[in-house]
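*Asks:* Dropping the structure in here first, questions after.
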Amino acid sequence: MRIKYKVKATRGWSPSRRAVVREMVEWCSIVYQMNWEIYGKLTIKLMDMPEVFGDAIKLGDHRYQVRLSATHNSDWTTDSLIATIAHELRHVYQMIHFGFDNEGGTTYWKGDEYDTDTAEDWHTYENTPWEKDAIHWEKKLADIWTNMQKSS
């Protein structure tokens, strides 16, 4: 796998938490069938971002980044961390398979354009099609992960 891990903030990212991140990213990549030898390079950046829990970014052709926040992570349970990783990796999956992208207030999703600055056809960000999809998979994978941990 062509996955690179960068730790930009050590507060909140203990070695055991980093191990959970690594294991979960690799497991989600398998579940989402994202072969990084084919799709390019994924960078996981553990950092301090007080404004968000995490995000997913397309850096360029075949280069993606998931950033996870140490600020929010310090209070998270392992289950919350797992859900966030599943959610953000789903956004990377969407970028690869559904043309999900955001440029200057326009979001592209499955060939359609959405003006996300002035959109009135959804009332909250959680109602956007890309977030509904990511939330669905976040919950599904978090449940599977939890059940796997209980049975082992």
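Chain identifiers are assigned as A, B, and so on, following the order in which chains appear in the structure tokens; residues are numbered from 1 within each chain, and ligands are numbered from 1 in order of appearance.
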Residues near Leu42 of chain A, anyone? I mean within 6 Å using only C-alpha atoms, not counting same-chain ones fewer than 6 positions away, as a list in words.
*Replies:* Ile3, Tyr64 and Gln65 of chain A
*Asks:* Using C-alpha atoms, can you write the selected residues to a file as a PDB file, in the first residue's frame?
*Replies:*
ATOM      1  CA  ILE A   3       0.009   5.087   2.420  1.00  0.00           C
ATOM      2  CA  TYR A  64      -5.147  12.302  -1.546  1.00  0.00           C
ATOM      3  CA  GLN A  65      -4.838  13.387   2.057  1.00  0.00           C
TER       4      GLN A  65
END
*Asks:* Which residues, written as a list of chain:residue names, have at least one atom at most 12 Å from Ile30 of chain A, with only C-alpha atoms counted and residues fewer than 3 positions away on the same chain left out?
*Replies:*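 In the requested form, the answer reads A:Met1, A:Glu23, A:Met24, A:Val25, A:Glu26, A:Trp27, A:Gln33, A:Met34, A:Asn35, A:Trp36, A:Ala86, A:Leu89, A:Arg90, A:Tyr93, A:Leu141.
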*Asks:* So that I can see what lies close to segment 145-149 of chain A, please list as a ChimeraX atom specification the residues with an atom at most 12 Å from it, counting only C-alpha atoms and leaving out residues fewer than 2 positions away in the same chain.
*Replies:* /A:20,23-25,27-28,31,78-83,85-86,137-143,151-152
*Asks:* Keeping only N, CA and C atoms, take the residues you just selected and write them out as a compact mmCIF listing (two decimals), in the first residue's frame.
*Replies:*
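out26.txt, written as the output of this step:
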# COMPACT_ATOMS: atom_id res chain seq x y z
N VAL A 20 -4.04 2.53 16.23
CA VAL A 20 -5.46 2.38 15.85
C VAL A 20 -5.70 3.06 14.50
N GLU A 23 -4.16 0.88 11.71
CA GLU A 23 -4.94 -0.34 11.50
C GLU A 23 -6.27 -0.04 10.83
N MET A 24 -6.94 1.02 11.26
CA MET A 24 -8.25 1.38 10.72
C MET A 24 -8.13 1.86 9.27
N VAL A 25 -7.12 2.66 8.97
CA VAL A 25 -6.93 3.15 7.59
C VAL A 25 -6.70 1.97 6.65
N TRP A 27 -7.59 -1.18 7.14
CA TRP A 27 -8.81 -1.98 7.07
C TRP A 27 -9.84 -1.31 6.17
N CYS A 28 -10.06 0.00 6.34
CA CYS A 28 -11.03 0.72 5.49
C CYS A 28 -10.61 0.67 4.03
N VAL A 31 -11.80 -2.64 2.82
CA VAL A 31 -13.26 -2.70 2.72
C VAL A 31 -13.75 -1.87 1.53
N THR A 78 -12.24 5.53 21.16
CA THR A 78 -11.70 4.83 19.99
C THR A 78 -12.79 4.66 18.94
N ASP A 79 -14.03 4.40 19.37
CA ASP A 79 -15.14 4.24 18.43
C ASP A 79 -15.36 5.51 17.61
N SER A 80 -15.26 6.68 18.24
CA SER A 80 -15.43 7.95 17.52
C SER A 80 -14.32 8.16 16.51
N LEU A 81 -13.11 7.82 16.91
CA LEU A 81 -11.98 7.95 16.00
C LEU A 81 -12.16 7.04 14.79
N ILE A 82 -12.58 5.82 15.04
CA ILE A 82 -12.82 4.86 13.96
C ILE A 82 -13.90 5.37 13.00
N ALA A 83 -14.98 5.91 13.55
CA ALA A 83 -16.06 6.46 12.72
C ALA A 83 -15.55 7.61 11.85
N ILE A 85 -12.44 8.16 10.81
CA ILE A 85 -11.55 7.64 9.77
C ILE A 85 -12.37 7.02 8.64
N ALA A 86 -13.38 6.22 9.01
CA ALA A 86 -14.24 5.60 7.99
C ALA A 86 -14.94 6.68 7.16
N TRP A 137 -21.81 5.04 5.50
CA TRP A 137 -20.68 4.12 5.56
C TRP A 137 -19.90 4.24 6.86
N GLU A 138 -19.84 5.43 7.42
CA GLU A 138 -19.19 5.62 8.72
C GLU A 138 -19.85 4.75 9.77
N LYS A 139 -21.18 4.79 9.82
CA LYS A 139 -21.92 4.00 10.81
C LYS A 139 -21.77 2.51 10.54
N LYS A 140 -21.88 2.13 9.28
CA LYS A 140 -21.79 0.72 8.90
C LYS A 140 -20.42 0.14 9.28
N LEU A 141 -19.35 0.83 8.90
CA LEU A 141 -18.01 0.32 9.19
C LEU A 141 -17.67 0.37 10.67
N ALA A 142 -18.13 1.39 11.38
CA ALA A 142 -17.90 1.46 12.82
C ALA A 142 -18.57 0.28 13.53
N ASP A 143 -19.79 -0.06 13.10
CA ASP A 143 -20.49 -1.22 13.69
C ASP A 143 -19.74 -2.52 13.40
N SER A 151 -15.58 -9.96 19.02
CA SER A 151 -15.47 -11.38 18.75
C SER A 151 -14.02 -11.89 18.78
N SER A 152 -13.06 -10.98 18.84
CA SER A 152 -11.66 -11.43 18.84
C SER A 152 -11.08 -11.53 20.23
*Asks:* Between A:Arg18, A:Lys41, A:Arg67, A:Lys58, which is the closest to Met95 of chain A once you count only C-alpha atoms?
*Replies:*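 So, comparing all the options, the nearest one is A:Lys58.
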*Asks:* For the structure I just gave you, how does DSSP split segment 19-91 of chain A - specifically, which residues are helix (DSSP H, G or I)? Reply as a PyMOL selection string.
*Replies:* chain A and resi 19-31+36-39+70-73+78-91
*Asks:* Would you mind telling me which residue in A:His91, A:Ser69, A:Gly60, A:Phe53 lies nearest to Ser29 of chain A when using only C-alpha atoms?
*Replies:*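 So, comparing all the options, the nearest one is A:His91.
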